[in-house]
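K.L.:
This is query-v1.txt (compact mmCIF, N, CA and C atoms).
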```txt
# COMPACT_ATOMS: atom_id res chain seq x y z
N ILE A 1355 -203.44 -22.04 -151.16
CA ILE A 1355 -202.67 -23.01 -150.40
C ILE A 1355 -201.87 -22.26 -149.35
N ALA A 1356 -201.98 -22.68 -148.11
CA ALA A 1356 -201.25 -22.04 -147.01
C ALA A 1356 -199.84 -22.59 -146.93
N THR A 1357 -198.89 -21.67 -146.85
CA THR A 1357 -197.50 -22.08 -146.66
C THR A 1357 -197.22 -22.24 -145.17
N THR A 1358 -196.12 -22.89 -144.83
CA THR A 1358 -195.72 -23.02 -143.43
C THR A 1358 -195.56 -21.65 -142.79
N ALA A 1359 -194.94 -20.71 -143.49
CA ALA A 1359 -194.74 -19.36 -142.95
C ALA A 1359 -196.08 -18.68 -142.66
N TYR A 1360 -197.07 -18.87 -143.53
CA TYR A 1360 -198.38 -18.29 -143.31
C TYR A 1360 -199.04 -18.87 -142.05
N VAL A 1361 -199.00 -20.17 -141.92
CA VAL A 1361 -199.61 -20.82 -140.75
C VAL A 1361 -198.90 -20.39 -139.48
N VAL A 1362 -197.57 -20.35 -139.49
CA VAL A 1362 -196.82 -19.90 -138.31
C VAL A 1362 -197.22 -18.48 -137.94
N GLY A 1363 -197.36 -17.63 -138.92
CA GLY A 1363 -197.79 -16.25 -138.66
C GLY A 1363 -199.19 -16.17 -138.09
N MET A 1364 -200.09 -17.03 -138.55
CA MET A 1364 -201.47 -17.02 -138.07
C MET A 1364 -201.61 -17.48 -136.63
N VAL A 1365 -200.75 -18.37 -136.18
CA VAL A 1365 -200.86 -18.88 -134.82
C VAL A 1365 -199.83 -18.25 -133.88
N GLY A 1366 -199.23 -17.16 -134.28
CA GLY A 1366 -198.34 -16.43 -133.41
C GLY A 1366 -196.95 -17.01 -133.31
N GLY A 1367 -196.52 -17.75 -134.31
CA GLY A 1367 -195.15 -18.25 -134.32
C GLY A 1367 -194.93 -19.55 -133.58
N ASN A 1368 -195.98 -20.14 -133.07
CA ASN A 1368 -195.81 -21.37 -132.30
C ASN A 1368 -196.88 -22.36 -132.74
N ILE A 1369 -196.51 -23.29 -133.59
CA ILE A 1369 -197.48 -24.25 -134.10
C ILE A 1369 -197.91 -25.22 -133.01
N ALA A 1370 -196.98 -25.73 -132.24
CA ALA A 1370 -197.30 -26.68 -131.18
C ALA A 1370 -197.36 -25.95 -129.84
N PRO A 1371 -198.54 -25.83 -129.24
CA PRO A 1371 -198.64 -25.13 -127.96
C PRO A 1371 -197.98 -25.92 -126.83
N ALA A 1372 -197.54 -25.18 -125.81
CA ALA A 1372 -197.03 -25.85 -124.60
C ALA A 1372 -198.21 -26.57 -123.96
N LYS A 1373 -197.98 -27.78 -123.52
CA LYS A 1373 -199.11 -28.54 -122.97
C LYS A 1373 -198.66 -29.70 -122.12
N SER A 1374 -199.56 -30.12 -121.28
CA SER A 1374 -199.45 -31.37 -120.55
C SER A 1374 -200.86 -31.96 -120.54
N LEU A 1375 -201.05 -33.04 -121.22
CA LEU A 1375 -202.38 -33.62 -121.36
C LEU A 1375 -202.66 -34.67 -120.29
N ALA A 1376 -202.06 -34.48 -119.13
CA ALA A 1376 -202.26 -35.38 -118.00
C ALA A 1376 -203.65 -35.17 -117.40
N ALA A 1377 -204.00 -35.99 -116.43
CA ALA A 1377 -205.29 -35.85 -115.74
C ALA A 1377 -205.43 -34.46 -115.12
N ASN A 1378 -204.37 -33.93 -114.54
CA ASN A 1378 -204.30 -32.54 -114.10
C ASN A 1378 -203.33 -31.87 -115.07
N GLY A 1379 -203.86 -31.22 -116.10
CA GLY A 1379 -203.02 -30.73 -117.18
C GLY A 1379 -203.35 -29.33 -117.62
N TYR A 1380 -202.72 -28.93 -118.72
CA TYR A 1380 -202.91 -27.58 -119.24
C TYR A 1380 -202.55 -27.54 -120.72
N VAL A 1381 -203.03 -26.47 -121.37
CA VAL A 1381 -202.63 -26.11 -122.71
C VAL A 1381 -202.42 -24.60 -122.69
N LYS A 1382 -201.26 -24.15 -123.15
CA LYS A 1382 -200.97 -22.73 -123.28
C LYS A 1382 -200.93 -22.40 -124.76
N LEU A 1383 -201.89 -21.60 -125.21
CA LEU A 1383 -202.01 -21.27 -126.62
C LEU A 1383 -201.06 -20.14 -127.01
N ALA A 1384 -200.82 -19.98 -128.29
CA ALA A 1384 -199.87 -18.99 -128.80
C ALA A 1384 -200.27 -17.56 -128.41
N ASN A 1385 -201.56 -17.30 -128.24
CA ASN A 1385 -202.00 -15.95 -127.87
C ASN A 1385 -201.90 -15.68 -126.37
N GLY A 1386 -201.37 -16.64 -125.60
CA GLY A 1386 -201.19 -16.47 -124.17
C GLY A 1386 -202.29 -17.06 -123.31
N LEU A 1387 -203.40 -17.44 -123.91
CA LEU A 1387 -204.50 -18.03 -123.14
C LEU A 1387 -204.08 -19.39 -122.62
N ILE A 1388 -204.38 -19.65 -121.35
CA ILE A 1388 -204.04 -20.91 -120.71
C ILE A 1388 -205.32 -21.58 -120.22
N LEU A 1389 -205.48 -22.83 -120.58
CA LEU A 1389 -206.59 -23.65 -120.09
C LEU A 1389 -205.98 -24.73 -119.20
N GLN A 1390 -206.49 -24.85 -117.97
CA GLN A 1390 -205.99 -25.87 -117.04
C GLN A 1390 -207.18 -26.64 -116.47
N TRP A 1391 -206.96 -27.90 -116.16
CA TRP A 1391 -208.05 -28.75 -115.67
C TRP A 1391 -207.52 -29.81 -114.74
N GLY A 1392 -208.43 -30.42 -114.02
CA GLY A 1392 -208.01 -31.53 -113.16
C GLY A 1392 -209.13 -32.02 -112.27
N ALA A 1393 -208.75 -32.88 -111.37
CA ALA A 1393 -209.67 -33.46 -110.40
C ALA A 1393 -208.89 -33.71 -109.12
N THR A 1394 -209.57 -33.58 -108.00
CA THR A 1394 -208.93 -33.84 -106.72
C THR A 1394 -209.95 -34.36 -105.74
N SER A 1395 -209.50 -35.21 -104.84
CA SER A 1395 -210.37 -35.66 -103.75
C SER A 1395 -210.10 -34.82 -102.50
N GLY A 1396 -209.11 -33.95 -102.56
CA GLY A 1396 -208.79 -33.06 -101.44
C GLY A 1396 -209.57 -31.76 -101.51
N THR A 1397 -209.06 -30.75 -100.80
CA THR A 1397 -209.73 -29.45 -100.78
C THR A 1397 -208.82 -28.33 -101.27
N SER A 1398 -207.76 -28.68 -101.99
CA SER A 1398 -206.90 -27.65 -102.57
C SER A 1398 -206.34 -28.14 -103.90
N VAL A 1399 -206.00 -27.18 -104.75
CA VAL A 1399 -205.44 -27.46 -106.06
C VAL A 1399 -204.26 -26.52 -106.28
N THR A 1400 -203.14 -27.07 -106.72
CA THR A 1400 -202.04 -26.26 -107.23
C THR A 1400 -202.08 -26.42 -108.74
N PHE A 1401 -202.23 -25.30 -109.45
CA PHE A 1401 -202.31 -25.38 -110.90
C PHE A 1401 -201.03 -25.96 -111.48
N PRO A 1402 -201.12 -26.72 -112.57
CA PRO A 1402 -199.92 -27.27 -113.19
C PRO A 1402 -198.90 -26.19 -113.57
N ILE A 1403 -199.35 -25.03 -114.05
CA ILE A 1403 -198.48 -23.89 -114.28
C ILE A 1403 -199.18 -22.66 -113.72
N ALA A 1404 -198.41 -21.69 -113.28
CA ALA A 1404 -199.00 -20.48 -112.69
C ALA A 1404 -199.54 -19.56 -113.78
N PHE A 1405 -200.63 -18.88 -113.48
CA PHE A 1405 -201.11 -17.82 -114.35
C PHE A 1405 -200.26 -16.58 -114.10
N THR A 1406 -200.28 -15.65 -115.05
CA THR A 1406 -199.49 -14.43 -114.90
C THR A 1406 -200.33 -13.20 -114.62
N THR A 1407 -201.55 -13.14 -115.12
CA THR A 1407 -202.33 -11.92 -114.93
C THR A 1407 -203.75 -12.13 -114.42
N TRP A 1408 -204.53 -13.01 -114.99
CA TRP A 1408 -205.91 -13.17 -114.54
C TRP A 1408 -206.35 -14.61 -114.71
N ARG A 1409 -207.46 -14.93 -114.09
CA ARG A 1409 -207.95 -16.29 -114.17
C ARG A 1409 -209.45 -16.33 -113.87
N ASN A 1410 -210.09 -17.32 -114.42
CA ASN A 1410 -211.47 -17.67 -114.10
C ASN A 1410 -211.46 -19.13 -113.73
N ILE A 1411 -212.12 -19.45 -112.67
CA ILE A 1411 -212.10 -20.82 -112.16
C ILE A 1411 -213.53 -21.35 -112.13
N PHE A 1412 -213.70 -22.54 -112.63
CA PHE A 1412 -214.99 -23.19 -112.63
C PHE A 1412 -214.85 -24.53 -111.94
N LEU A 1413 -215.61 -24.73 -110.89
CA LEU A 1413 -215.63 -26.04 -110.24
C LEU A 1413 -216.76 -26.84 -110.87
N GLY A 1414 -216.43 -28.04 -111.25
CA GLY A 1414 -217.45 -28.92 -111.80
C GLY A 1414 -218.16 -29.66 -110.69
N ASN A 1415 -218.83 -30.65 -111.06
CA ASN A 1415 -219.56 -31.46 -110.10
C ASN A 1415 -218.60 -32.24 -109.21
N THR A 1416 -218.93 -32.33 -107.96
CA THR A 1416 -218.18 -33.19 -107.05
C THR A 1416 -218.96 -34.49 -106.94
N TYR A 1417 -218.28 -35.60 -107.17
CA TYR A 1417 -218.97 -36.87 -107.21
C TYR A 1417 -218.37 -37.84 -106.21
N PRO A 1418 -219.05 -38.56 -105.42
CA PRO A 1418 -220.46 -38.31 -105.12
C PRO A 1418 -220.59 -37.22 -104.06
N ASN A 1419 -221.52 -36.37 -104.21
CA ASN A 1419 -221.77 -35.30 -103.26
C ASN A 1419 -223.26 -35.05 -103.25
N THR A 1420 -223.92 -35.48 -102.23
CA THR A 1420 -225.37 -35.42 -102.21
C THR A 1420 -225.92 -34.04 -101.88
N ASP A 1421 -225.07 -33.15 -101.32
CA ASP A 1421 -225.62 -31.83 -100.95
C ASP A 1421 -225.02 -30.68 -101.76
N ASN A 1422 -224.16 -30.96 -102.75
CA ASN A 1422 -223.63 -29.96 -103.67
C ASN A 1422 -223.09 -28.72 -102.95
N THR A 1423 -222.15 -28.91 -102.03
CA THR A 1423 -221.64 -27.79 -101.24
C THR A 1423 -220.17 -27.49 -101.52
N THR A 1424 -219.74 -27.60 -102.76
CA THR A 1424 -218.36 -27.24 -103.11
C THR A 1424 -218.31 -25.74 -103.37
N ASN A 1425 -217.53 -25.02 -102.57
CA ASN A 1425 -217.41 -23.57 -102.70
C ASN A 1425 -215.95 -23.17 -102.65
N ILE A 1426 -215.54 -22.25 -103.53
CA ILE A 1426 -214.16 -21.75 -103.52
C ILE A 1426 -213.95 -20.90 -102.28
N SER A 1427 -212.90 -21.21 -101.53
CA SER A 1427 -212.57 -20.44 -100.33
C SER A 1427 -211.55 -19.36 -100.65
N THR A 1428 -210.44 -19.74 -101.30
CA THR A 1428 -209.40 -18.79 -101.69
C THR A 1428 -208.89 -19.19 -103.07
N TYR A 1429 -208.35 -18.21 -103.79
CA TYR A 1429 -207.74 -18.51 -105.08
C TYR A 1429 -206.63 -17.51 -105.35
N SER A 1430 -205.67 -17.95 -106.16
CA SER A 1430 -204.53 -17.10 -106.52
C SER A 1430 -204.08 -17.49 -107.92
N LEU A 1431 -202.98 -16.90 -108.36
CA LEU A 1431 -202.43 -17.22 -109.67
C LEU A 1431 -201.85 -18.64 -109.72
N THR A 1432 -201.66 -19.26 -108.55
CA THR A 1432 -201.03 -20.59 -108.50
C THR A 1432 -201.94 -21.71 -108.04
N GLY A 1433 -203.13 -21.40 -107.54
CA GLY A 1433 -204.01 -22.47 -107.08
C GLY A 1433 -205.25 -21.97 -106.39
N LEU A 1434 -205.96 -22.89 -105.76
CA LEU A 1434 -207.19 -22.55 -105.05
C LEU A 1434 -207.46 -23.54 -103.94
N THR A 1435 -208.27 -23.12 -103.00
CA THR A 1435 -208.78 -24.00 -101.96
C THR A 1435 -210.30 -23.91 -101.97
N PHE A 1436 -210.94 -24.95 -101.53
CA PHE A 1436 -212.39 -24.95 -101.52
C PHE A 1436 -212.89 -25.85 -100.42
N SER A 1437 -214.17 -25.66 -100.11
CA SER A 1437 -214.80 -26.49 -99.09
C SER A 1437 -215.75 -27.47 -99.78
N LYS A 1438 -215.86 -28.64 -99.20
CA LYS A 1438 -216.79 -29.64 -99.70
C LYS A 1438 -216.98 -30.70 -98.63
N THR A 1439 -217.94 -31.54 -98.83
CA THR A 1439 -218.20 -32.56 -97.83
C THR A 1439 -217.54 -33.89 -98.15
N SER A 1440 -217.46 -34.25 -99.43
CA SER A 1440 -216.86 -35.53 -99.82
C SER A 1440 -216.71 -35.59 -101.32
N GLY A 1441 -216.10 -36.66 -101.81
CA GLY A 1441 -216.07 -36.93 -103.23
C GLY A 1441 -214.90 -36.29 -103.96
N THR A 1442 -214.92 -36.42 -105.28
CA THR A 1442 -213.89 -35.88 -106.16
C THR A 1442 -214.43 -34.64 -106.84
N THR A 1443 -213.67 -33.56 -106.80
CA THR A 1443 -214.07 -32.31 -107.43
C THR A 1443 -213.31 -32.15 -108.74
N PHE A 1444 -214.03 -31.89 -109.80
CA PHE A 1444 -213.47 -31.64 -111.12
C PHE A 1444 -213.44 -30.13 -111.34
N TRP A 1445 -212.31 -29.59 -111.83
CA TRP A 1445 -212.16 -28.14 -111.95
C TRP A 1445 -211.58 -27.77 -113.31
N LEU A 1446 -211.85 -26.52 -113.70
CA LEU A 1446 -211.32 -25.94 -114.94
C LEU A 1446 -210.96 -24.49 -114.63
N ALA A 1447 -209.77 -24.07 -115.04
CA ALA A 1447 -209.32 -22.70 -114.83
C ALA A 1447 -208.85 -22.14 -116.17
N ILE A 1448 -209.23 -20.90 -116.46
CA ILE A 1448 -208.90 -20.24 -117.71
C ILE A 1448 -208.26 -18.90 -117.40
N GLY A 1449 -207.16 -18.59 -118.04
CA GLY A 1449 -206.52 -17.30 -117.80
C GLY A 1449 -205.33 -17.08 -118.70
N GLN A 1450 -204.47 -16.17 -118.26
CA GLN A 1450 -203.23 -15.87 -118.98
C GLN A 1450 -202.06 -15.97 -118.05
```
Kindly return the structure encoded in the file as structure tokens.
P.N.:
Amino acid sequence: IATTAYVVGMVGGNIAPAKSLAANGYVKLANGLILQWGATSGTSVTFPIAFTTWRNIFLGNTYPNTDNTTNISTYSLTGLTFSKTSGTTFWLAIGQ
């Protein structure tokens, strides 16, 4: 049987991660990993919280977009810009 102290120790002392489960949201896990996501009809994204060291960014499908031309132009610890022709772009960023 796991005690509360054991579980707290296993998850790094923070049972409830920092999070915002909004449409453009994030979850910050006890080990420092941050998952952020969202959607935009524009060509730039400001992350809900800034990363501190590294990040990987994945652009999902832009809908509707008949020529699939969504490309990242610039990115930083706080956001990204990209080019596209139309539609809503869904994105996911992973980092610390």
K.L.:
Any idea what the distance is between CA of Thr1406 in chain A and CA of Pro1371 in chain A?
P.N.:
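So the two atoms, CA of Thr1406 in chain A and CA of Pro1371 in chain A, lie 16.9 Å apart.
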K.L.:
Can you work out the spacing between atom N of Leu1375 in chain A and CA of Gly1433 in chain A in Å, to one decimal?
P.N.:
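About the pair atom N of Leu1375 in chain A and CA of Gly1433 in chain A: they are 17.9 Å apart.
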K.L.:
Kindly give the distance, in Å, that separates CA of Gly1379 in chain A and CA of Ala1447 in chain A, rounded to a single decimal.
P.N.:
10.5 Å
K.L.:
Between A:Ala1404, A:Leu1413, A:Ala1393, A:Leu1446, which residue has the minimum interatomic distance to Ser1430 in chain A, considering all atoms listed in the file?
P.N.:
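Under the stated criterion, the closest residue is A:Ala1404.
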K.L.:
Measuring atom to atom with all atoms listed in the file, identify which of A:Ile1426, A:Gln1450, A:Trp1445, A:Phe1436 is nearest to Trp1391 in chain A.
P.N.:
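With all atoms listed in the file as the atom set, the closest residue is A:Trp1445.
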K.L.:
Out of A:Gly1414, A:Trp1408, A:Gln1390, A:Gly1396, which residue has the shortest atom-to-atom distance to Thr1435 in chain A when counting only N, CA and C atoms?
P.N.:
A:Gly1396
K.L.:
Please produce range 1384-1406 of chain A, completed to N, CA, C and O atoms, as a CSV table (one decimal), keeping the file's coordinate frame.
P.N.:
```
chain,number,residue,atom,x,y,z
A,1384,ALA,N,-200.8,-20.0,-128.3
A,1384,ALA,CA,-199.9,-19.0,-128.8
A,1384,ALA,C,-200.3,-17.6,-128.4
A,1384,ALA,O,-199.4,-16.7,-128.2
A,1385,ASN,N,-201.6,-17.3,-128.2
A,1385,ASN,CA,-202.0,-16.0,-127.9
A,1385,ASN,C,-201.9,-15.7,-126.4
A,1385,ASN,O,-202.3,-14.6,-125.9
A,1386,GLY,N,-201.4,-16.6,-125.6
A,1386,GLY,CA,-201.2,-16.5,-124.2
A,1386,GLY,C,-202.3,-17.1,-123.3
A,1386,GLY,O,-202.1,-17.2,-122.1
A,1387,LEU,N,-203.4,-17.4,-123.9
A,1387,LEU,CA,-204.5,-18.0,-123.1
A,1387,LEU,C,-204.1,-19.4,-122.6
A,1387,LEU,O,-203.5,-20.2,-123.3
A,1388,ILE,N,-204.4,-19.6,-121.4
A,1388,ILE,CA,-204.0,-20.9,-120.7
A,1388,ILE,C,-205.3,-21.6,-120.2
A,1388,ILE,O,-206.1,-21.0,-119.5
A,1389,LEU,N,-205.5,-22.8,-120.6
A,1389,LEU,CA,-206.6,-23.6,-120.1
A,1389,LEU,C,-206.0,-24.7,-119.2
A,1389,LEU,O,-205.1,-25.4,-119.6
A,1390,GLN,N,-206.5,-24.8,-118.0
A,1390,GLN,CA,-206.0,-25.9,-117.0
A,1390,GLN,C,-207.2,-26.6,-116.5
A,1390,GLN,O,-208.3,-26.1,-116.3
A,1391,TRP,N,-207.0,-27.9,-116.2
A,1391,TRP,CA,-208.0,-28.8,-115.7
A,1391,TRP,C,-207.5,-29.8,-114.7
A,1391,TRP,O,-206.3,-30.1,-114.7
A,1392,GLY,N,-208.4,-30.4,-114.0
A,1392,GLY,CA,-208.0,-31.5,-113.2
A,1392,GLY,C,-209.1,-32.0,-112.3
A,1392,GLY,O,-210.3,-31.6,-112.4
A,1393,ALA,N,-208.8,-32.9,-111.4
A,1393,ALA,CA,-209.7,-33.5,-110.4
A,1393,ALA,C,-208.9,-33.7,-109.1
A,1393,ALA,O,-207.7,-34.0,-109.2
A,1394,THR,N,-209.6,-33.6,-108.0
A,1394,THR,CA,-208.9,-33.8,-106.7
A,1394,THR,C,-210.0,-34.4,-105.7
A,1394,THR,O,-211.1,-34.0,-105.8
A,1395,SER,N,-209.5,-35.2,-104.8
A,1395,SER,CA,-210.4,-35.7,-103.8
A,1395,SER,C,-210.1,-34.8,-102.5
A,1395,SER,O,-210.8,-35.0,-101.5
A,1396,GLY,N,-209.1,-34.0,-102.6
A,1396,GLY,CA,-208.8,-33.1,-101.4
A,1396,GLY,C,-209.6,-31.8,-101.5
A,1396,GLY,O,-210.6,-31.7,-102.2
A,1397,THR,N,-209.1,-30.8,-100.8
A,1397,THR,CA,-209.7,-29.4,-100.8
A,1397,THR,C,-208.8,-28.3,-101.3
A,1397,THR,O,-209.1,-27.2,-101.0
A,1398,SER,N,-207.8,-28.7,-102.0
A,1398,SER,CA,-206.9,-27.6,-102.6
A,1398,SER,C,-206.3,-28.1,-103.9
A,1398,SER,O,-206.2,-29.3,-104.1
A,1399,VAL,N,-206.0,-27.2,-104.8
A,1399,VAL,CA,-205.4,-27.5,-106.1
A,1399,VAL,C,-204.3,-26.5,-106.3
A,1399,VAL,O,-204.4,-25.3,-106.0
A,1400,THR,N,-203.1,-27.1,-106.7
A,1400,THR,CA,-202.0,-26.3,-107.2
A,1400,THR,C,-202.1,-26.4,-108.7
A,1400,THR,O,-202.0,-27.5,-109.3
A,1401,PHE,N,-202.2,-25.3,-109.4
A,1401,PHE,CA,-202.3,-25.4,-110.9
A,1401,PHE,C,-201.0,-26.0,-111.5
A,1401,PHE,O,-199.9,-25.7,-111.0
A,1402,PRO,N,-201.1,-26.7,-112.6
A,1402,PRO,CA,-199.9,-27.3,-113.2
A,1402,PRO,C,-198.9,-26.2,-113.6
A,1402,PRO,O,-197.7,-26.4,-113.4
A,1403,ILE,N,-199.4,-25.0,-114.0
A,1403,ILE,CA,-198.5,-23.9,-114.3
A,1403,ILE,C,-199.2,-22.7,-113.7
A,1403,ILE,O,-200.4,-22.6,-113.7
A,1404,ALA,N,-198.4,-21.7,-113.3
A,1404,ALA,CA,-199.0,-20.5,-112.7
A,1404,ALA,C,-199.5,-19.6,-113.8
A,1404,ALA,O,-199.0,-19.5,-114.9
A,1405,PHE,N,-200.6,-18.9,-113.5
A,1405,PHE,CA,-201.1,-17.8,-114.4
A,1405,PHE,C,-200.3,-16.6,-114.1
A,1405,PHE,O,-199.6,-16.4,-113.1
A,1406,THR,N,-200.3,-15.6,-115.0
A,1406,THR,CA,-199.5,-14.4,-114.9
A,1406,THR,C,-200.3,-13.2,-114.6
A,1406,THR,O,-199.9,-12.3,-113.9
```
